[in-house]
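Novice: Below is the file run.txt, which contains compact mmCIF, C-alpha atoms.
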# COMPACT_ATOMS: atom_id res chain seq x y z
CA HIS D 70 36.46 -29.02 -26.82
CA ILE D 71 36.65 -25.30 -27.56
CA GLN D 72 37.66 -22.29 -25.52
CA PRO D 73 34.60 -20.02 -24.93
CA PRO D 74 34.67 -16.34 -25.90
CA VAL D 75 35.70 -14.88 -22.56
CA MET D 76 35.62 -11.22 -23.63
CA LEU D 77 32.10 -11.57 -25.00
CA SER D 78 31.06 -13.13 -21.71
CA LEU D 79 32.68 -10.27 -19.81
CA ARG D 80 30.69 -7.75 -21.80
CA ASN D 81 27.52 -9.48 -20.70
CA THR D 82 28.74 -9.44 -17.10
CA PHE D 83 28.90 -5.64 -17.07
CA ARG D 84 25.41 -5.15 -18.45
CA ASN D 85 24.01 -4.94 -14.93
CA LYS D 86 25.91 -1.83 -13.89
CA SER D 87 24.10 -1.16 -10.63
CA ARG D 88 24.84 -4.60 -9.21
CA LEU D 89 28.54 -4.58 -10.08
CA GLY D 90 28.83 -0.88 -9.28
CA PHE D 91 28.14 -1.53 -5.61
CA THR D 92 30.74 -4.29 -5.57
CA LEU D 93 33.35 -2.14 -7.31
CA VAL D 94 32.78 0.81 -4.99
CA THR D 95 32.94 -1.32 -1.86
CA LEU D 96 36.10 -3.16 -2.88
CA SER D 97 37.73 0.06 -4.10
CA ILE D 98 37.08 1.85 -0.81
CA ALA D 99 38.30 -1.18 1.14
CA GLY D 100 41.46 -1.33 -0.99
CA ALA D 101 42.13 2.39 -0.69
CA MET D 102 41.77 2.21 3.09
CA PHE D 103 43.95 -0.91 3.27
CA MET D 104 46.74 0.77 1.29
CA ALA D 105 46.28 4.02 3.23
CA VAL D 106 46.79 2.11 6.47
CA PHE D 107 50.05 0.64 5.12
CA SER D 108 51.21 4.12 4.08
CA SER D 109 50.22 5.53 7.47
CA TYR D 110 52.23 2.81 9.20
CA SER D 111 55.27 3.53 6.99
CA THR D 112 54.89 7.23 7.74
CA LEU D 113 54.79 6.49 11.47
CA GLN D 114 57.92 4.35 11.29
CA LYS D 115 59.81 7.13 9.51
CA GLN D 116 58.48 9.66 11.99
CA ILE D 117 59.56 7.56 14.96
CA ALA D 118 62.95 6.88 13.34
CA ASP D 119 63.46 10.64 13.06
CA LEU D 120 62.34 11.23 16.63
CA THR D 121 64.52 8.47 18.10
CA ARG D 122 67.60 10.16 16.64
CA TYR D 123 67.25 12.55 19.56
CA ILE D 124 66.88 9.83 22.20
CA GLY D 125 69.90 7.75 21.26
CA PHE D 126 70.48 6.42 24.78
CA ASP D 127 69.72 3.11 26.42
CA ALA D 128 68.40 4.82 29.56
CA ALA D 129 68.10 8.35 30.90
CA LEU D 130 67.35 9.97 34.23
CA SER D 131 66.24 13.51 35.04
CA LEU D 132 68.27 15.42 37.63
CA PRO D 133 65.95 18.11 39.05
CA GLY D 134 67.81 21.21 40.21
CA GLY D 135 70.99 20.05 38.51
CA VAL D 136 73.87 17.82 39.61
CA ASN D 137 77.56 18.31 38.99
CA ARG D 138 78.09 16.81 35.55
CA TYR D 139 81.28 14.95 36.45
CA THR D 140 79.70 13.51 39.59
CA ALA D 141 76.63 12.34 37.65
CA GLU D 142 78.71 10.74 34.91
CA ARG D 143 80.99 9.04 37.45
CA GLU D 144 78.03 7.55 39.33
CA ALA D 145 76.44 6.32 36.12
CA MET D 146 79.68 4.68 34.97
CA ARG D 147 79.77 2.63 38.20
CA ILE D 148 76.68 0.71 37.07
CA PRO D 149 77.71 -2.73 35.75
CA GLY D 150 77.39 -2.83 31.98
CA VAL D 151 77.44 0.93 31.36
CA SER D 152 80.26 1.95 29.01
CA HIS D 153 79.33 5.58 28.36
CA ALA D 154 77.53 8.34 30.27
CA GLU D 155 76.97 11.98 29.41
CA GLY D 156 75.22 14.76 31.30
CA TRP D 157 73.15 17.32 29.40
CA SER D 158 72.26 20.81 30.60
CA LEU D 159 68.73 22.12 30.09
CA ASP D 160 67.25 25.59 30.39
CA THR D 161 64.68 27.81 28.70
CA GLY D 162 64.83 31.00 26.71
CA PHE D 163 62.76 33.32 24.53
CA LEU D 164 63.29 34.58 21.02
CA VAL D 165 63.17 38.39 20.96
CA HIS D 166 61.52 39.71 17.80
CA ALA D 167 62.50 42.91 15.98
CA ASP D 168 59.52 44.74 17.51
CA GLY D 169 60.60 43.75 21.02
CA SER D 170 57.97 41.05 21.54
CA GLU D 171 58.96 37.61 22.77
CA SER D 172 58.22 34.15 21.46
CA ASP D 173 56.83 31.21 23.41
CA ARG D 174 59.19 29.40 25.74
CA ILE D 175 62.00 27.56 23.91
CA GLU D 176 63.94 24.64 25.36
CA LEU D 177 67.72 25.19 25.42
CA VAL D 178 69.89 22.08 25.35
CA GLY D 179 73.55 22.30 26.33
CA LEU D 180 75.46 19.39 24.84
CA PRO D 181 78.81 17.98 26.00
CA GLU D 182 81.65 17.79 23.51
CA ASN D 183 81.02 15.10 20.86
CA PRO D 184 77.80 13.65 22.36
CA LEU D 185 77.04 10.04 21.45
CA THR D 186 73.38 9.88 22.54
CA ILE D 187 72.07 12.09 19.75
CA GLN D 188 72.26 11.49 15.99
CA PRO D 189 70.59 14.56 14.49
CA ARG D 190 69.26 14.60 10.94
CA LEU D 191 70.47 17.83 9.42
CA VAL D 192 68.00 19.57 7.14
CA ALA D 193 70.26 22.54 6.42
CA GLY D 194 73.60 23.93 7.58
CA ARG D 195 75.90 22.04 9.93
CA TRP D 196 76.04 20.55 13.40
CA LEU D 197 77.76 22.12 16.39
CA LEU D 198 81.56 22.18 16.62
CA PRO D 199 83.47 22.03 19.94
CA THR D 200 84.94 25.44 19.14
CA ASP D 201 81.55 27.17 18.67
CA THR D 202 80.94 29.98 21.15
CA THR D 203 77.98 31.93 19.78
CA GLN D 204 76.58 29.37 17.35
CA ILE D 205 73.35 27.42 17.75
CA VAL D 206 71.35 24.74 15.92
CA ILE D 207 67.55 24.92 15.87
CA ASN D 208 64.95 22.29 15.04
CA GLU D 209 62.16 22.46 12.47
CA ASP D 210 59.57 22.78 15.22
CA LEU D 211 61.00 26.19 16.11
CA GLN D 212 61.21 27.22 12.45
CA THR D 213 57.55 26.24 12.00
CA LYS D 214 56.57 28.68 14.75
CA GLU D 215 59.12 31.29 13.69
CA PRO D 216 59.33 30.93 9.88
CA GLN D 217 61.42 34.07 9.51
CA ILE D 218 64.43 32.29 11.05
CA ASP D 219 66.80 30.49 8.71
CA VAL D 220 70.34 29.14 8.69
CA GLY D 221 72.82 32.01 8.65
CA ASP D 222 70.62 34.42 10.60
CA VAL D 223 71.69 36.09 13.82
CA VAL D 224 68.89 35.97 16.38
CA ASN D 225 68.39 37.50 19.80
CA ILE D 226 67.64 34.97 22.53
CA LYS D 227 66.76 36.05 26.06
CA ILE D 228 68.46 33.69 28.51
CA ASN D 229 68.35 34.24 32.25
CA GLY D 230 66.95 37.73 31.70
CA LEU D 231 69.68 38.87 29.28
CA GLU D 232 69.60 39.04 25.48
CA ARG D 233 72.26 37.13 23.55
CA SER D 234 73.00 37.49 19.83
CA LEU D 235 73.50 33.99 18.45
CA GLU D 236 74.13 32.71 14.94
CA VAL D 237 71.97 29.90 13.54
CA VAL D 238 74.39 27.50 11.83
CA GLY D 239 72.16 24.43 11.47
CA LEU D 240 68.60 23.18 11.17
CA VAL D 241 67.63 19.65 12.28
CA SER D 242 64.46 17.62 11.72
CA LYS D 243 61.30 17.82 13.79
CA HIS D 244 61.06 16.62 17.38
CA GLN D 245 58.02 15.63 19.36
CA SER D 246 59.28 17.78 22.23
CA GLY D 247 58.57 21.11 20.52
CA SER D 248 60.83 24.11 19.84
CA ARG D 249 64.43 23.44 20.75
CA ILE D 250 67.83 25.15 20.45
CA TYR D 251 71.09 23.20 20.73
CA LEU D 252 74.32 24.82 21.84
CA ASN D 253 77.54 23.77 23.51
CA GLN D 254 77.27 23.00 27.20
CA ASP D 255 80.01 25.43 28.26
CA GLN D 256 78.31 28.15 26.24
CA LEU D 257 74.95 27.56 27.95
CA SER D 258 76.61 27.40 31.38
CA LYS D 259 78.17 30.80 30.72
CA TYR D 260 74.78 32.30 29.88
CA THR D 261 72.92 30.75 32.83
CA GLY D 262 75.65 30.91 35.49
CA ARG D 263 75.22 27.17 36.19
CA ALA D 264 78.73 25.91 35.54
CA ASN D 265 79.19 22.15 35.14
CA LEU D 266 75.60 21.33 36.13
CA ALA D 267 73.75 18.54 34.35
CA ASP D 268 69.96 18.32 34.32
CA THR D 269 69.71 14.87 32.78
CA ILE D 270 72.06 11.91 32.48
CA HIS D 271 72.12 9.59 29.44
CA VAL D 272 73.85 6.20 29.46
CA LEU D 273 74.83 3.57 26.88
CA VAL D 274 75.70 -0.07 27.42
CA SER D 275 77.83 -0.02 24.28
CA THR D 276 79.01 2.79 22.04
CA ASP D 277 78.69 0.47 19.05
CA GLY D 278 74.91 0.18 19.23
CA LEU D 279 71.83 0.14 21.41
CA ALA D 280 71.18 -2.60 23.95
CA SER D 281 68.24 -4.99 23.92
CA LYS D 282 64.91 -3.95 25.39
CA SER D 283 65.39 -6.06 28.53
CA GLU D 284 68.92 -4.71 29.02
CA GLN D 285 67.69 -1.13 28.64
CA VAL D 286 65.03 -1.70 31.29
CA ARG D 287 67.60 -3.26 33.66
CA ILE D 288 70.07 -0.40 33.21
CA GLY D 289 67.28 2.13 33.73
CA ARG D 290 66.25 0.56 37.03
CA GLU D 291 69.82 0.38 38.29
CA LEU D 292 70.44 3.97 37.22
CA GLU D 293 67.33 5.10 39.07
CA GLN D 294 68.23 3.18 42.23
CA ARG D 295 71.88 4.27 42.28
CA PHE D 296 71.07 7.97 42.01
CA LYS D 297 68.36 7.61 44.65
CA ASP D 298 70.78 5.93 47.04
CA ALA D 299 73.32 8.70 46.39
CA ASN D 300 70.66 11.37 47.07
CA LEU D 301 71.23 12.81 43.60
CA SER D 302 67.77 12.25 42.12
CA ASP D 303 64.38 10.76 43.02
CA SER D 304 63.20 10.76 39.40
CA THR D 305 61.96 7.74 37.49
CA SER D 306 64.29 6.57 34.75
CA GLN D 307 63.21 6.10 31.15
CA SER D 308 64.55 3.54 28.72
CA ARG D 309 64.64 4.21 25.02
CA SER D 310 62.41 1.21 24.31
CA GLU D 311 59.77 2.52 26.73
CA LEU D 312 59.78 5.91 25.04
CA VAL D 313 59.44 4.37 21.58
CA THR D 314 56.62 2.13 22.80
CA SER D 315 54.75 5.09 24.28
CA LEU D 316 55.14 6.95 20.97
CA SER D 317 53.73 4.13 18.88
CA ASP D 318 51.08 2.53 21.15
CA ALA D 319 48.30 5.03 20.51
CA PHE D 320 49.05 5.01 16.81
CA ASN D 321 49.03 1.20 16.62
CA ILE D 322 45.58 1.04 18.23
CA LEU D 323 44.22 3.33 15.52
CA ILE D 324 45.96 1.26 12.83
CA VAL D 325 44.29 -1.92 14.10
CA ILE D 326 40.87 -0.24 14.18
CA LEU D 327 41.30 0.99 10.60
CA LEU D 328 42.41 -2.47 9.45
CA ILE D 329 39.29 -3.96 11.04
CA VAL D 330 37.12 -1.44 9.16
CA ALA D 331 38.95 -2.25 5.90
CA THR D 332 38.45 -5.97 6.56
CA ILE D 333 34.71 -5.51 7.11
CA LEU D 334 34.43 -3.57 3.83
CA THR D 335 36.47 -6.29 2.10
CA VAL D 336 34.10 -9.01 3.35
CA ILE D 337 31.08 -6.98 2.21
CA GLY D 338 32.66 -6.44 -1.20
CA GLY D 339 33.55 -10.12 -1.51
CA LEU D 340 30.01 -11.19 -0.63
CA GLY D 341 28.67 -8.64 -3.11
CA LEU D 342 30.92 -10.00 -5.83
CA ALA D 343 29.85 -13.57 -5.08
CA GLY D 344 26.18 -12.54 -5.26
CA ALA D 345 26.71 -10.63 -8.49
CA MET D 346 28.50 -13.55 -10.13
CA GLY D 347 25.77 -15.96 -8.99
CA LEU D 348 23.03 -13.78 -10.50
CA ASN D 349 25.03 -13.41 -13.70
CA VAL D 350 25.26 -17.17 -14.02
CA LEU D 351 21.49 -17.48 -13.46
CA GLU D 352 20.65 -14.79 -16.02
CA ARG D 353 22.99 -16.27 -18.64
CA THR D 354 21.83 -19.84 -18.35
CA ARG D 355 20.99 -20.06 -22.07
CA GLU D 356 24.35 -18.53 -23.05
CA ILE D 357 26.15 -21.11 -20.93
CA GLY D 358 24.03 -23.83 -22.51
CA VAL D 359 25.06 -22.69 -25.97
CA LEU D 360 28.72 -22.85 -24.94
CA ARG D 361 28.18 -26.37 -23.64
CA ALA D 362 26.31 -27.38 -26.81
CA VAL D 363 29.19 -26.32 -29.07
CA GLY D 364 31.70 -28.33 -27.06
CA ALA D 365 32.86 -26.20 -24.09
CA SER D 366 34.18 -28.39 -21.25
CA HIS D 367 33.31 -28.11 -17.56
CA TYR D 368 36.73 -26.57 -16.99
CA SER D 369 36.21 -23.97 -19.72
CA VAL D 370 32.84 -22.88 -18.34
CA ARG D 371 34.28 -22.58 -14.84
CA GLN D 372 37.18 -20.61 -16.27
CA VAL D 373 34.85 -18.06 -17.83
CA VAL D 374 33.15 -17.27 -14.52
CA VAL D 375 36.38 -17.21 -12.49
CA VAL D 376 38.09 -14.90 -15.01
CA GLU D 377 35.09 -12.56 -14.82
CA GLY D 378 35.39 -12.41 -11.04
CA ILE D 379 39.13 -11.73 -11.22
CA VAL D 380 38.66 -8.97 -13.81
CA VAL D 381 36.07 -7.22 -11.64
CA ALA D 382 38.43 -7.50 -8.67
CA LEU D 383 41.35 -6.12 -10.72
CA ILE D 384 39.28 -3.13 -11.85
CA SER D 385 38.53 -2.35 -8.21
CA TRP D 386 42.27 -2.69 -7.48
CA LEU D 387 43.13 -0.12 -10.16
CA VAL D 388 40.59 2.32 -8.74
CA SER D 389 42.00 1.72 -5.23
CA VAL D 390 45.54 2.48 -6.41
CA LEU D 391 44.41 5.76 -7.99
CA ILE D 392 42.76 7.03 -4.82
CA SER D 393 45.13 5.46 -2.29
CA TYR D 394 47.76 8.22 -2.41
CA PRO D 395 45.51 11.17 -1.47
CA THR D 396 43.62 8.95 0.98
CA GLY D 397 46.83 7.71 2.59
CA ASN D 398 48.32 11.20 2.76
CA ALA D 399 45.25 12.63 4.49
CA LEU D 400 45.00 9.68 6.89
CA ALA D 401 48.70 9.64 7.80
CA VAL D 402 48.84 13.39 8.42
CA ALA D 403 45.72 13.25 10.60
CA LEU D 404 46.96 10.28 12.64
CA VAL D 405 50.45 11.70 13.20
CA ARG D 406 49.02 15.05 14.26
CA THR D 407 46.63 13.30 16.64
CA THR D 408 49.05 10.84 18.21
CA LEU D 409 52.47 12.52 17.97
CA ARG D 410 51.30 16.15 17.83
CA THR D 411 53.68 17.02 15.04
CA GLU D 412 53.65 17.36 11.26
CA ALA D 413 54.07 14.23 9.18
CA THR D 414 56.47 13.53 6.34
CA PHE D 415 54.28 11.26 4.22
CA VAL D 416 55.74 7.96 3.01
CA TYR D 417 53.74 6.06 0.38
CA SER D 418 53.87 2.29 0.85
CA PHE D 419 54.22 0.32 -2.38
CA THR D 420 54.14 -2.85 -0.30
CA GLY D 421 50.46 -2.23 0.42
CA ILE D 422 49.72 -2.08 -3.34
CA PHE D 423 51.11 -5.55 -4.02
CA ILE D 424 49.64 -7.12 -0.88
CA TRP D 425 46.20 -5.75 -1.76
CA LEU D 426 46.65 -7.04 -5.34
CA LEU D 427 47.15 -10.57 -4.00
CA ILE D 428 44.20 -10.20 -1.62
CA VAL D 429 41.81 -8.83 -4.23
CA VAL D 430 42.72 -11.54 -6.78
CA LEU D 431 42.11 -14.15 -4.09
CA ILE D 432 38.75 -12.51 -3.34
CA GLY D 433 37.86 -12.62 -7.04
CA VAL D 434 38.70 -16.33 -7.25
CA ILE D 435 36.92 -17.33 -4.04
CA ALA D 436 33.83 -15.26 -4.82
CA SER D 437 33.57 -16.89 -8.25
CA LEU D 438 34.14 -20.53 -7.31
CA THR D 439 30.59 -21.38 -6.26
CA PRO D 440 28.94 -19.60 -9.23
CA ALA D 441 31.52 -21.22 -11.52
CA GLN D 442 30.70 -24.66 -10.17
CA GLN D 443 26.98 -23.99 -10.64
CA ALA D 444 27.59 -22.96 -14.23
CA ALA D 445 29.69 -26.04 -14.95
CA ARG D 446 26.93 -28.35 -13.67
CA LEU D 447 24.32 -27.02 -16.11
CA THR D 448 23.41 -29.54 -18.80
CA VAL D 449 22.02 -28.84 -22.25
CA ARG D 450 18.69 -30.42 -21.21
CA GLU D 451 18.44 -28.03 -18.18
CA VAL D 452 19.22 -25.08 -20.41
CA LEU D 453 16.54 -25.98 -22.94
CA SER D 454 13.94 -26.33 -20.19
CA TYR D 455 15.00 -22.98 -18.55
CA GLU D 456 12.51 -20.13 -18.80
Would you write out, as C-alpha cells, the structure that this file holds?

Specialist:
Amino acid sequence: HIQPPVMLSLRNTFRNKSRLGFTLVTLSIAGAMFMAVFSSYSTLQKQIADLTRYIGFDAALSLPGGVNRYTAEREAMRIPGVSHAEGWSLDTGFLVHADGSESDRIELVGLPENPLTIQPRLVAGRWLLPTDTTQIVINEDLQTKEPQIDVGDVVNIKINGLERSLEVVGLVSKHQSGSRIYLNQDQLSKYTGRANLADTIHVLVSTDGLASKSEQVRIGRELEQRFKDANLSDSTSQSRSELVTSLSDAFNILIVILLIVATILTVIGGLGLAGAMGLNVLERTREIGVLRAVGASHYSVRQVVVVEGIVVALISWLVSVLISYPTGNALAVALVRTTLRTEATFVYSFTGIFIWLLIVVLIGVIASLTPAQQAARLTVREVLSYE
C-alpha cells in the first residue's frame, strides 16, 4: 500500500472556490463571534470584579433621613452572625468650574476610619488617610465627565450651599453608580452639619471574607427586620450576591443569545463543509480510482478526505482569530455600555481561541466522515464505468 499525495489532492479541493468560499466565510464568522462572546464574558467578569470592590459587604440597608451612626452599628452588631458593621454618610455636591458654572450632581461618600466594606482599585495617587481633612478621592466616572481634574489638583466643591477647596489625592476605578467623591466621614459631617449621622449601614459576617449567598440573604433579611422593629428604617435590604446577580443577569441573556447565533452559523458552516466535501469526492471519482489502482488502502483514501476537511476548518480558524480581536472589542464595549451603562476595559479571551480550535477541528472531521467513507467504498470497476 502507498500513501496518496495529500497536498496534490488538497490543491484539487480548492479548485471550486465559490463552494468552499461560502463554507470558509460562514465558519470564520461563526468562530469570530464565538471568540468575541468569550472575550465579552471575560470583559464582563473583570468589570463586575472592579464594581464589586465598592460593594464589599454581605448586606446593606439604606437609612433614609440618617440615623446616629453608633446606634445603627450597635443594632446591626446585635444580629446573630454579624461580626462587623459600619455606617456610611452620603450627600451630594457640585463641582464649581473656573467660570462659575456648576457640574452635574456628584455623590459624596463619607467613610468611617479604616472601612472594611470597600476595596478600591487605585488608578493614580493614594487612598484616604484618617488624618486627611481637606483631601478627597474621586472615581474615573467623575474624571470622564470632568477631564480637566487630575490627582494633585485643588477643586472647588459646593456642599450644602458653600464652596470648599479640596485637594484630589487619589483616583479610583470606574463605578456603575456614576460620579463619586470619597472623603472622611468627620470631614463630610463638618461640611453638611450632620454630625455622626449614617445614611447606609454595611455589615459583614466575617472580616476574613464574604459569606455564602444564602448567608448573605439571611443576614439581609434579619438586618431589614431588626431596623424596622426599631423604627430606624423601612428600607429593603440588599445582599452583595443580589447586587452582583442584577448586574450580570441582563448581560448573561445577551451572551446566551449570541452563543445561539454562533451555534446556528456553526451548524450552517458544518453542513456546507460536508456538502462541499461530498461534491469534491463525486467530482474526483477518477482521481480516487487512480489512487486505488496504484495500491492506496481504504484507510489512506479516507485519510485524504478527512485531512482536506480539517485543513479547510483550520483555515477558517485562522481567519476567525485574525478578526476576533476587533470583533470582540466592539461587541464587549457595546454590551457593557448597554447593560452596565459604563465604559468597558476590554479583556481578550485566549481560552475562546483554543476551545474554538477544538470545535472547528471536530467539525472538519465530522463533516468529512461520510464523504470519506463514500470515497473509500469506490472500486476500480466503478471508477472505470464513471462518466

Novice: Taking a cut-off of 12 Å and counting all atoms listed in the file, can you build a table that, for each residue of range 90-136 of chain D near range 208-227 of chain D, reports the nearest atom pair and how far apart they are in Å (one decimal), sorted by chain then residue number, as a tab-separated table?

Specialist:
residue	atom	partner	partner_atom	distance
D:Asp119	CA	D:Glu209	CA	11.9
D:Leu120	CA	D:Asn208	CA	11.5
D:Tyr123	CA	D:Asn208	CA	11.0

Novice: Name all residues at most 10 Å from Val286 in chain D (count all atoms listed in the file; drop same-chain ones fewer than 2 positions away) and give them as an MDAnalysis selection string.

Specialist: chainID D and resid 127:128 280:284 288:292 306:311

Novice: Write out as a list in words which residues come within 12 Å of Arg143 in chain D when counting all atoms listed in the file, dropping same-chain ones fewer than 4 positions away.

Specialist: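 These residues fall inside the cut-off: Val136, Asn137, Arg138, Tyr139, Arg147, Ile148, Val151, Ser152, His153, Ala154, Glu155, Gly156, Ile270, His271, Val272, Leu292, Arg295, Phe296 and Ala299 of chain D.
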
Novice: Using all atoms listed in the file, which protein or nucleic acid residues come within 7 Å of Ser109 in chain D? Drop anything in the same chain fewer than 5 positions from it, and give the result as a list in words.

Specialist: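 The filter keeps Gly397, Leu400 and Ala401 of chain D.
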
Novice: Write a file of the selected residues as a PDB file, in the coordinates of the input, keeping C-alpha atoms.

Specialist:
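Contents of selection21.pdb, as written:
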ATOM      1  CA  GLY D 397      46.830   7.710   2.590  1.00  0.00           C
ATOM      2  CA  LEU D 400      45.000   9.680   6.890  1.00  0.00           C
ATOM      3  CA  ALA D 401      48.700   9.640   7.800  1.00  0.00           C
TER       4      ALA D 401
END

Novice: Could you check which of D:Thr112, D:Thr314, D:Asn253, D:Ser248 is closest to Asp173 in chain D, using all atoms listed in the file?

Specialist: D:Ser248

Novice: Find the residues around range 385-390 of chain D up to 6 Å (all atoms listed in the file counted), leave out those fewer than 2 positions away in its own chain, and share them as a PyMOL selection string.

Specialist: chain D and resi 93+96-97+100-101+382-383+392-393

Novice: Any chance you can output those residues with C-alpha atoms as a compact mmCIF listing (two decimals), in the frame of the given file?

Specialist:
# COMPACT_ATOMS: atom_id res chain seq x y z
CA LEU D 93 33.35 -2.14 -7.31
CA LEU D 96 36.10 -3.16 -2.88
CA SER D 97 37.73 0.06 -4.10
CA GLY D 100 41.46 -1.33 -0.99
CA ALA D 101 42.13 2.39 -0.69
CA ALA D 382 38.43 -7.50 -8.67
CA LEU D 383 41.35 -6.12 -10.72
CA ILE D 392 42.76 7.03 -4.82
CA SER D 393 45.13 5.46 -2.29

Novice: Can you measure CA of Ser418 in chain D to CA of Gln114 in chain D for me? One decimal in Å is fine.

Specialist: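 Atom-to-atom, CA of Ser418 in chain D and CA of Gln114 in chain D are spaced 11.4 Å apart.
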
Novice: Check the smallest atom-to-atom distance from each of D:Leu252, D:Ala399, D:Ala436, D:Leu312 to Leu235 in chain D using only C-alpha atoms, then report the winner.

Specialist: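 The closest residue to Leu235 in chain D is D:Leu252.
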
Novice: Between D:Phe423, D:Leu266, D:Pro395, D:Val429, which residue has the minimum interatomic distance to Thr332 in chain D, considering only C-alpha atoms?

Specialist: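 So, comparing all the options, the nearest one is D:Val429.
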
Novice: Nearest to Ile326 in chain D: which of D:Phe103, D:Gly338, D:Ser437, D:Val94 is it, counting only C-alpha atoms?

Specialist: D:Phe103

Novice: Counting all atoms listed in the file, which residue out of D:Val238, D:Ile117, D:Ala267, D:Leu431 sits closest to Leu301 in chain D?

Specialist: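 Among the listed residues, D:Ala267 lies closest to Leu301 in chain D.
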
Novice: Would you compute the box with edges along x, y and z of the file around range 267-274 of chain D, including every atom the file lists for it and 3 Å extra on each side, and give its centre and edge lengths in Å to one decimal, as AutoDock Vina command-line options?

Specialist:
--center_x 72.7 --center_y 9.2 --center_z 30.6 --size_x 12.0 --size_y 24.6 --size_z 13.5

Novice: In Å, rounded to a single decimal, give me how far CA of Val430 in chain D is from CA of Ile337 in chain D.

Specialist: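 Distance reported for this atom pair: 15.4 Å.
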
Novice: Would you mind telling me which residue in D:Thr95, D:Asn229, D:Ser304, D:Thr186 lies nearest to Gly262 in chain D when using all atoms listed in the file?

Specialist: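 Checking each of D:Thr95, D:Asn229, D:Ser304, D:Thr186 against Gly262 in chain D, counting all atoms listed in the file, the winner is D:Asn229.
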